[in-house]
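S.K.: What follows is a single structure, and I will ask about it in a moment.
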Amino acid sequence: MIRKALHAAVSLVLSGALALPLTAEEHISEILINEEIPITVRTEAPPYVEGLDEIMSGWLFRSEETQALQLDDFDNPSFVFVDQGMDLFNKVEGTAGKSCAACHQDLGEFAGLRASLPRVEDGKIVTMEDLINECRVERMGAEPWKWTSTQMTSVNALISMQSRGMPVNVKVDGEARPFWEKGKELYYTRFGQLDLACANCHENNYGNMIRADRLSQGQINGFPTYRLKNAKLNAVQARFKGCMKNIRAEPFKVGSEEFKALELYLASRGNGLSVEAPSVRN
Amino acid sequence: MRNTAITLAAFLLAAGAAHAQTMPSDVVFEDGAVAQSLTGVPGDPANGRAVFKNRKKGNCLACHVNSDLADEQFHGEIGPPLDGVAERYTEAELRGIIVNAKMVFEDTIMPAFYRVDGLNRVLKKFQGKTILTAQEVEDVVAYLMTLK
């Protein structure tokens, strides 16, 4: 407590203005969730991210109150949805009369999956949503879930958190290369009436206030993410859509080749950070 | 009678403005500055101040600190503070910066407020439209000229 107050005073004096949240200024690189799961929130940028020296989790840029919510699963509002995800995972649906759990008895088998997605298979880019819907349609005889639906984000969160604490490690070479290049191009392309690229805000201005919001690097290691703003879990591509609309651009469709490529590229910019799902943001 | 007079005056004003208004593609830049008013109608600094802080119009506070609007919460820090900006730039230079800041600051994040071409995937409801109208640009310039 005293240490915190001191730090606050020091950083205010140093910057002469409203300081970054303490954790962004202090060189915090690791946090502990539930006092046992270490999460890397800051590390060296992968060599192919030319515009950044360090990569930083969005957690570092949030207020202390928001940060605290993610440190303990009892405080993390995402877990209401993770519980719903568990119910859905055990629910029998579709013509085959099966639940997810009928074939996936051990959730622990999904450890590492989130950290490696999206991936490219047989010339196609595959996201978590694709994998879940593939099982629903082809193995259960059930309707696919909408990518941004609560069912999808809840089950996605349940599966993603099996990788919590593991380093993001998506493939950027081999078959993935052309998709990665496409995503990179989109990241640096200006869109909309405001004529802005993702990079203008998230690479060139992270740490700065844009009105009342502290800009982060737009990392996606925390998705699905619970946002205080809409009190639900948010799909990563829903966030892309929101950012495009804010710059008055016609967003690509959720699930489109463009957004999948962008997701792969963004995930690769976070290679080395830990999977944080389900994270909490404002 | 009174009504007619007002309507007539409004009509004349509108016609006058329409007549003199420079279209976005016709704005003439010289070294990043735009010497000529876009409308010929003097800017209204009071309205310029309103446009400046309106999130759906200038939204300038998203990126700039401006002490004249200290009563508004949360000023952004992406661009430089605009205090005293009238002492750093002429009216023509400020008009150039608002119309299309990229003509002055290469690759800037600051949007061009009076431009329609060269844009990519603009949301339908904003297609073919500038962020600010010609008169709003003049009003904002007039307001910036008061920041001494």
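Identifiers in the structure tokens: chain A, B, ... in order shown; residue index from 1 per chain; ligand index from 1 in order shown.
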So which residues touch Glu257 in chain A within 10 Å, counting only C-alpha atoms, skipping near sequence neighbours fewer than 3 positions away, as a PyMOL selection string?

M.R.: chain A and resi 124-125+179+182-183+252-254+260-263

S.K.: May I have the residues from that selection written out with all heavy atoms, as a CSV table (one decimal), in the first residue's frame?

M.R.:
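selection01.csv, freshly written:
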```csv
chain,number,residue,atom,x,y,z
A,124,LYS,N,-6.4,-23.9,-45.8
A,124,LYS,CA,-7.5,-23.1,-45.2
A,124,LYS,C,-7.1,-22.6,-43.8
A,124,LYS,O,-6.5,-23.4,-43.1
A,124,LYS,CB,-8.8,-23.9,-45.2
A,124,LYS,CG,-9.5,-23.9,-46.5
A,124,LYS,CD,-10.7,-24.8,-46.4
A,124,LYS,CE,-12.0,-24.1,-46.3
A,124,LYS,NZ,-13.1,-25.1,-46.3
A,125,ILE,N,-7.5,-21.4,-43.5
A,125,ILE,CA,-7.2,-20.9,-42.2
A,125,ILE,C,-8.3,-21.3,-41.2
A,125,ILE,O,-9.5,-21.2,-41.6
A,125,ILE,CB,-7.1,-19.4,-42.3
A,125,ILE,CG1,-6.3,-18.8,-41.2
A,125,ILE,CG2,-8.4,-18.7,-42.4
A,125,ILE,CD1,-5.9,-17.3,-41.5
A,179,PHE,N,-1.3,-16.2,-45.7
A,179,PHE,CA,-2.4,-15.7,-44.9
A,179,PHE,C,-1.9,-14.6,-43.9
A,179,PHE,O,-2.5,-13.6,-43.7
A,179,PHE,CB,-3.1,-16.8,-44.1
A,179,PHE,CG,-3.8,-17.8,-45.0
A,179,PHE,CD1,-3.1,-19.0,-45.4
A,179,PHE,CD2,-5.0,-17.6,-45.4
A,179,PHE,CE1,-3.7,-19.9,-46.2
A,179,PHE,CE2,-5.6,-18.6,-46.3
A,179,PHE,CZ,-5.0,-19.7,-46.7
A,182,LYS,N,-1.2,-11.5,-45.8
A,182,LYS,CA,-2.5,-10.8,-46.1
A,182,LYS,C,-3.0,-10.0,-44.8
A,182,LYS,O,-3.4,-8.9,-44.9
A,182,LYS,CB,-3.5,-11.8,-46.5
A,182,LYS,CG,-5.0,-11.4,-46.5
A,182,LYS,CD,-5.4,-11.0,-47.8
A,182,LYS,CE,-6.9,-10.6,-47.8
A,182,LYS,NZ,-7.2,-9.6,-48.8
A,183,GLY,N,-2.8,-10.7,-43.7
A,183,GLY,CA,-3.2,-10.1,-42.4
A,183,GLY,C,-2.4,-8.8,-42.1
A,183,GLY,O,-2.9,-7.8,-41.7
A,252,PHE,N,-15.2,-5.8,-42.3
A,252,PHE,CA,-15.3,-7.1,-43.0
A,252,PHE,C,-16.3,-7.9,-42.2
A,252,PHE,O,-16.6,-7.6,-41.0
A,252,PHE,CB,-14.0,-7.7,-43.1
A,252,PHE,CG,-13.0,-7.0,-43.9
A,252,PHE,CD1,-12.0,-6.2,-43.3
A,252,PHE,CD2,-13.1,-7.0,-45.3
A,252,PHE,CE1,-11.1,-5.5,-44.1
A,252,PHE,CE2,-12.2,-6.2,-46.1
A,252,PHE,CZ,-11.2,-5.5,-45.5
A,253,LYS,N,-16.8,-9.0,-42.8
A,253,LYS,CA,-17.8,-9.8,-42.1
A,253,LYS,C,-17.0,-10.7,-41.1
A,253,LYS,O,-15.9,-11.2,-41.3
A,253,LYS,CB,-18.5,-10.8,-43.1
A,253,LYS,CG,-19.4,-10.1,-44.0
A,253,LYS,CD,-20.8,-10.7,-43.9
A,253,LYS,CE,-21.9,-9.8,-44.4
A,253,LYS,NZ,-21.5,-8.7,-45.3
A,254,VAL,N,-17.7,-10.9,-39.9
A,254,VAL,CA,-17.1,-11.8,-38.9
A,254,VAL,C,-17.0,-13.2,-39.6
A,254,VAL,O,-18.0,-13.6,-40.2
A,254,VAL,CB,-18.0,-11.9,-37.7
A,254,VAL,CG1,-17.6,-13.0,-36.8
A,254,VAL,CG2,-17.9,-10.6,-36.9
A,260,LYS,N,-10.1,-13.4,-40.7
A,260,LYS,CA,-9.3,-14.6,-40.3
A,260,LYS,C,-7.8,-14.3,-40.4
A,260,LYS,O,-7.0,-14.7,-39.6
A,260,LYS,CB,-9.7,-15.8,-41.0
A,260,LYS,CG,-11.1,-16.4,-40.6
A,260,LYS,CD,-11.2,-17.8,-41.3
A,260,LYS,CE,-12.5,-18.4,-41.2
A,260,LYS,NZ,-12.5,-19.8,-41.7
A,261,ALA,N,-7.5,-13.7,-41.6
A,261,ALA,CA,-6.1,-13.4,-41.8
A,261,ALA,C,-5.6,-12.4,-40.8
A,261,ALA,O,-4.5,-12.5,-40.3
A,261,ALA,CB,-5.9,-12.9,-43.3
A,262,LEU,N,-6.4,-11.4,-40.5
A,262,LEU,CA,-6.1,-10.4,-39.5
A,262,LEU,C,-5.9,-11.0,-38.2
A,262,LEU,O,-5.0,-10.7,-37.4
A,262,LEU,CB,-7.2,-9.3,-39.5
A,262,LEU,CG,-6.9,-8.0,-38.8
A,262,LEU,CD1,-5.6,-7.3,-39.3
A,262,LEU,CD2,-8.1,-7.1,-38.9
A,263,GLU,N,-6.8,-12.0,-37.8
A,263,GLU,CA,-6.7,-12.6,-36.5
A,263,GLU,C,-5.3,-13.4,-36.5
A,263,GLU,O,-4.6,-13.4,-35.4
A,263,GLU,CB,-7.9,-13.6,-36.3
A,263,GLU,CG,-7.8,-14.2,-35.0
A,263,GLU,CD,-9.0,-15.2,-34.7
A,263,GLU,OE1,-10.1,-15.0,-35.3
A,263,GLU,OE2,-8.9,-16.0,-33.8
```

S.K.: Quick one: residues within 8 Å of range 77-83 of chain B, only C-alpha atoms, excluding same-chain residues fewer than 6 positions away - as a list of chain:residue names?

M.R.: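 Neighbouring residues, sequence-local ones excluded: A:Asn205, A:Asn208, A:Met209, A:Ile210, A:Arg211, B:Ala62, B:Cys63, B:His64, B:Val65, B:Asn66, B:Ser67, B:Asp68, B:Leu147, B:Lys148.
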
S.K.: Would you mind reading off the distance between CA of Ala115 in chain A and CA of Pro224 in chain A, one decimal, in Å?

M.R.: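 According to the coordinates, CA of Ala115 in chain A and CA of Pro224 in chain A are separated by 12.8 Å.
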
S.K.: For the interface of chain A with chain B (cut-off 9 Å, counting only C-alpha atoms), please tabulate each contacting residue of chain A alongside its nearest pair of atoms and their separation in Å to one decimal, rows sorted by chain and increasing number, as CSV.

M.R.:
```
residue,atom,partner,partner_atom,distance
A:Thr189,CA,B:Asn120,CA,8.7
A:Arg190,CA,B:Asn120,CA,6.9
A:Phe191,CA,B:Asn120,CA,4.9
A:Gly192,CA,B:Val122,CA,4.2
A:Gln193,CA,B:Val122,CA,5.3
A:Leu194,CA,B:Pro111,CA,5.1
A:Asp195,CA,B:Pro111,CA,6.3
A:Leu196,CA,B:Ile109,CA,6.7
A:Ala197,CA,B:Ile109,CA,8.7
A:Asn200,CA,B:Ile109,CA,6.1
A:Cys201,CA,B:Ile109,CA,8.0
A:Asn205,CA,B:Ile78,CA,6.8
A:Asn208,CA,B:Glu77,CA,5.8
A:Met209,CA,B:Gly76,CA,5.0
A:Ile210,CA,B:Gly76,CA,4.5
A:Arg211,CA,B:Ala62,CA,4.1
A:Ala212,CA,B:Phe74,CA,5.1
A:Asp213,CA,B:Gly76,CA,8.4
A:Lys245,CA,B:Leu123,CA,7.5
A:Ile247,CA,B:Val122,CA,8.7
A:Arg248,CA,B:Leu123,CA,5.3
A:Ala249,CA,B:Val122,CA,4.5
A:Glu250,CA,B:Leu123,CA,4.3
A:Pro251,CA,B:Arg121,CA,7.9
```

S.K.: Can you work out the spacing between CA of Ile97 in chain B and CA of Glu203 in chain A in Å, to one decimal?

M.R.: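 Spanning CA of Ile97 in chain B to CA of Glu203 in chain A is a straight-line distance of 23.4 Å.
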
S.K.: Can you tell me, as a ChimeraX atom specification, what residues are no more than 7 Å from range 228-238 of chain A when counting only C-alpha atoms, ignoring any on the same chain fewer than 4 positions away?

M.R.: /A:78,148,153,220,223-224,242,254,259,281-282

S.K.: Got time to write the residues from that selection, N, CA, C and O atoms, as an mmCIF file, in the first residue's frame?

M.R.:
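Dumped to result14.cif:
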```cif
data_model
loop_
_atom_site.group_PDB
_atom_site.id
_atom_site.type_symbol
_atom_site.label_atom_id
_atom_site.label_comp_id
_atom_site.auth_asym_id
_atom_site.auth_seq_id
_atom_site.Cartn_x
_atom_site.Cartn_y
_atom_site.Cartn_z
ATOM 1 N N SER A 78 -16.185 -13.131 -16.258
ATOM 2 C CA SER A 78 -16.254 -14.086 -17.366
ATOM 3 C C SER A 78 -16.758 -15.438 -16.914
ATOM 4 O O SER A 78 -17.304 -16.204 -17.713
ATOM 5 N N THR A 148 -20.455 -14.804 -32.943
ATOM 6 C CA THR A 148 -20.465 -13.829 -31.858
ATOM 7 C C THR A 148 -21.541 -14.162 -30.822
ATOM 8 O O THR A 148 -21.778 -13.377 -29.918
ATOM 9 N N THR A 153 -19.070 -17.847 -27.653
ATOM 10 C CA THR A 153 -18.008 -17.223 -26.847
ATOM 11 C C THR A 153 -17.827 -17.968 -25.513
ATOM 12 O O THR A 153 -16.710 -18.071 -25.016
ATOM 13 N N ILE A 220 -4.370 -9.866 -28.828
ATOM 14 C CA ILE A 220 -5.576 -10.697 -28.742
ATOM 15 C C ILE A 220 -5.378 -11.945 -27.883
ATOM 16 O O ILE A 220 -6.198 -12.852 -27.919
ATOM 17 N N PHE A 223 -8.516 -13.103 -25.609
ATOM 18 C CA PHE A 223 -9.868 -13.389 -26.103
ATOM 19 C C PHE A 223 -10.261 -14.844 -25.925
ATOM 20 O O PHE A 223 -9.403 -15.703 -26.005
ATOM 21 N N PRO A 224 -11.585 -15.125 -25.719
ATOM 22 C CA PRO A 224 -12.672 -14.155 -25.563
ATOM 23 C C PRO A 224 -12.480 -13.300 -24.314
ATOM 24 O O PRO A 224 -12.008 -13.776 -23.292
ATOM 25 N N GLY A 242 -15.800 -3.651 -34.235
ATOM 26 C CA GLY A 242 -16.027 -2.424 -33.469
ATOM 27 C C GLY A 242 -14.998 -1.358 -33.804
ATOM 28 O O GLY A 242 -15.340 -0.190 -34.019
ATOM 29 N N VAL A 254 -17.652 -10.891 -39.904
ATOM 30 C CA VAL A 254 -17.108 -11.829 -38.933
ATOM 31 C C VAL A 254 -17.040 -13.197 -39.618
ATOM 32 O O VAL A 254 -18.009 -13.623 -40.239
ATOM 33 N N PHE A 259 -10.908 -11.132 -42.030
ATOM 34 C CA PHE A 259 -10.780 -11.092 -40.570
ATOM 35 C C PHE A 259 -9.994 -12.293 -40.037
ATOM 36 O O PHE A 259 -9.295 -12.187 -39.030
ATOM 37 N N ARG A 281 -11.551 -6.551 -19.708
ATOM 38 C CA ARG A 281 -11.177 -5.225 -20.209
ATOM 39 C C ARG A 281 -12.353 -4.274 -19.996
ATOM 40 O O ARG A 281 -13.451 -4.716 -19.687
ATOM 41 N N ASN A 282 -12.124 -2.982 -20.261
ATOM 42 C CA ASN A 282 -13.237 -2.046 -20.065
ATOM 43 C C ASN A 282 -14.057 -1.869 -21.331
ATOM 44 O O ASN A 282 -13.777 -2.485 -22.332
#
```

S.K.: From the DSSP assignment of the backbone, select every residue of chain B that is alpha helix (DSSP H), and format the answer as an NGL selection string.

M.R.: :B and (2-20 or 45-53 or 85-88 or 91-99 or 134-144)

S.K.: For the residues selected in the previous step, produce a file with N, CA and C atoms as a compact mmCIF listing (two decimals), in the first residue's frame.

M.R.:
```txt
# COMPACT_ATOMS: atom_id res chain seq x y z
N ARG B 2 -43.48 38.45 -41.39
CA ARG B 2 -42.21 38.27 -40.72
C ARG B 2 -41.60 36.92 -41.14
N ASN B 3 -42.47 35.94 -41.18
CA ASN B 3 -42.07 34.60 -41.57
C ASN B 3 -41.43 34.58 -42.95
N THR B 4 -42.09 35.25 -43.88
CA THR B 4 -41.61 35.29 -45.26
C THR B 4 -40.22 35.92 -45.32
N ALA B 5 -40.09 36.99 -44.55
CA ALA B 5 -38.81 37.70 -44.57
C ALA B 5 -37.70 36.76 -44.09
N ILE B 6 -38.00 36.02 -43.00
CA ILE B 6 -36.98 35.12 -42.46
C ILE B 6 -36.65 34.03 -43.48
N THR B 7 -37.69 33.45 -44.07
CA THR B 7 -37.47 32.40 -45.06
C THR B 7 -36.63 32.93 -46.21
N LEU B 8 -36.96 34.14 -46.63
CA LEU B 8 -36.25 34.73 -47.76
C LEU B 8 -34.77 34.92 -47.40
N ALA B 9 -34.56 35.44 -46.19
CA ALA B 9 -33.18 35.67 -45.75
C ALA B 9 -32.43 34.34 -45.71
N ALA B 10 -33.08 33.33 -45.14
CA ALA B 10 -32.45 32.01 -45.04
C ALA B 10 -32.12 31.49 -46.43
N PHE B 11 -33.05 31.68 -47.35
CA PHE B 11 -32.86 31.20 -48.71
C PHE B 11 -31.65 31.89 -49.35
N LEU B 12 -31.60 33.20 -49.16
CA LEU B 12 -30.50 33.96 -49.77
C LEU B 12 -29.16 33.51 -49.20
N LEU B 13 -29.15 33.30 -47.87
CA LEU B 13 -27.93 32.85 -47.22
C LEU B 13 -27.48 31.51 -47.78
N ALA B 14 -28.45 30.59 -47.84
CA ALA B 14 -28.13 29.25 -48.32
C ALA B 14 -27.63 29.31 -49.76
N ALA B 15 -28.31 30.10 -50.57
CA ALA B 15 -27.94 30.20 -51.98
C ALA B 15 -26.55 30.80 -52.10
N GLY B 16 -26.33 31.84 -51.27
CA GLY B 16 -25.02 32.49 -51.31
C GLY B 16 -23.93 31.51 -50.94
N ALA B 17 -24.18 30.73 -49.86
CA ALA B 17 -23.19 29.77 -49.40
C ALA B 17 -22.94 28.72 -50.48
N ALA B 18 -24.03 28.21 -51.05
CA ALA B 18 -23.90 27.17 -52.06
C ALA B 18 -23.09 27.69 -53.24
N HIS B 19 -23.29 28.93 -53.52
CA HIS B 19 -22.60 29.51 -54.67
C HIS B 19 -21.10 29.56 -54.45
N ALA B 20 -20.70 30.01 -53.25
CA ALA B 20 -19.28 30.27 -53.03
C ALA B 20 -18.52 29.02 -52.57
N PRO B 45 -16.77 31.57 -34.40
CA PRO B 45 -15.95 30.87 -33.40
C PRO B 45 -16.77 30.13 -32.35
N ALA B 46 -17.96 30.64 -32.02
CA ALA B 46 -18.77 29.96 -31.01
C ALA B 46 -19.23 28.61 -31.53
N ASN B 47 -19.67 28.59 -32.77
CA ASN B 47 -20.06 27.29 -33.33
C ASN B 47 -18.83 26.41 -33.54
N GLY B 48 -17.71 27.03 -33.88
CA GLY B 48 -16.47 26.26 -34.05
C GLY B 48 -16.08 25.55 -32.77
N ARG B 49 -16.29 26.21 -31.65
CA ARG B 49 -15.98 25.60 -30.36
C ARG B 49 -16.87 24.39 -30.11
N ALA B 50 -18.15 24.53 -30.50
CA ALA B 50 -19.10 23.42 -30.33
C ALA B 50 -18.71 22.24 -31.24
N VAL B 51 -18.35 22.55 -32.47
CA VAL B 51 -17.95 21.50 -33.43
C VAL B 51 -16.68 20.81 -32.92
N PHE B 52 -15.76 21.58 -32.38
CA PHE B 52 -14.49 21.07 -31.87
C PHE B 52 -14.71 19.96 -30.85
N LYS B 53 -15.66 20.20 -29.91
CA LYS B 53 -15.81 19.20 -28.84
C LYS B 53 -16.84 18.12 -29.15
N VAL B 85 -2.41 27.94 -30.22
CA VAL B 85 -2.11 27.48 -31.58
C VAL B 85 -2.18 28.63 -32.59
N ALA B 86 -2.98 29.67 -32.29
CA ALA B 86 -3.11 30.81 -33.21
C ALA B 86 -1.80 31.59 -33.30
N GLU B 87 -0.94 31.41 -32.29
CA GLU B 87 0.35 32.11 -32.34
C GLU B 87 1.39 31.33 -33.14
N ARG B 88 1.09 30.05 -33.37
CA ARG B 88 2.05 29.22 -34.12
C ARG B 88 1.73 29.15 -35.60
N GLU B 91 -4.04 31.77 -40.23
CA GLU B 91 -5.37 31.25 -40.52
C GLU B 91 -5.31 30.29 -41.71
N ALA B 92 -4.56 30.65 -42.73
CA ALA B 92 -4.47 29.80 -43.94
C ALA B 92 -3.83 28.46 -43.60
N GLU B 93 -2.84 28.48 -42.74
CA GLU B 93 -2.18 27.22 -42.35
C GLU B 93 -3.14 26.34 -41.54
N LEU B 94 -3.88 26.97 -40.64
CA LEU B 94 -4.84 26.20 -39.83
C LEU B 94 -5.92 25.59 -40.73
N ARG B 95 -6.37 26.37 -41.73
CA ARG B 95 -7.38 25.84 -42.65
C ARG B 95 -6.82 24.62 -43.37
N GLY B 96 -5.59 24.72 -43.79
CA GLY B 96 -4.94 23.59 -44.47
C GLY B 96 -4.87 22.36 -43.57
N ILE B 97 -4.52 22.57 -42.30
CA ILE B 97 -4.40 21.44 -41.36
C ILE B 97 -5.75 20.77 -41.14
N ILE B 98 -6.81 21.56 -41.05
CA ILE B 98 -8.14 20.97 -40.81
C ILE B 98 -8.65 20.28 -42.08
N VAL B 99 -8.49 20.92 -43.22
CA VAL B 99 -8.99 20.32 -44.48
C VAL B 99 -8.32 18.98 -44.71
N ALA B 134 -18.16 22.51 -45.17
CA ALA B 134 -17.25 23.62 -45.47
C ALA B 134 -17.38 24.71 -44.41
N GLN B 135 -18.62 25.02 -44.04
CA GLN B 135 -18.81 26.10 -43.06
C GLN B 135 -18.29 25.69 -41.68
N GLU B 136 -18.46 24.41 -41.33
CA GLU B 136 -17.94 23.95 -40.04
C GLU B 136 -16.41 24.07 -40.00
N VAL B 137 -15.75 23.80 -41.14
CA VAL B 137 -14.30 23.98 -41.20
C VAL B 137 -13.97 25.45 -40.92
N GLU B 138 -14.70 26.35 -41.58
CA GLU B 138 -14.46 27.78 -41.36
C GLU B 138 -14.70 28.16 -39.90
N ASP B 139 -15.74 27.60 -39.30
CA ASP B 139 -16.05 27.90 -37.90
C ASP B 139 -14.94 27.41 -36.97
N VAL B 140 -14.43 26.19 -37.23
CA VAL B 140 -13.35 25.64 -36.39
C VAL B 140 -12.09 26.50 -36.55
N VAL B 141 -11.80 26.91 -37.79
CA VAL B 141 -10.62 27.75 -38.01
C VAL B 141 -10.77 29.06 -37.24
N ALA B 142 -11.97 29.65 -37.30
CA ALA B 142 -12.21 30.90 -36.57
C ALA B 142 -12.02 30.68 -35.07
N TYR B 143 -12.49 29.54 -34.58
CA TYR B 143 -12.31 29.24 -33.16
C TYR B 143 -10.83 29.07 -32.82
N LEU B 144 -10.08 28.32 -33.65
CA LEU B 144 -8.66 28.12 -33.36
C LEU B 144 -7.93 29.46 -33.33
```

S.K.: For a quick check of understanding, using only C-alpha atoms, which of A:Ser154, A:Ser274, A:Gln67, A:Ser57 has the smallest distance to Gly112 in chain A?

M.R.: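 Using only C-alpha atoms, the shortest distance to Gly112 in chain A belongs to A:Ser274.
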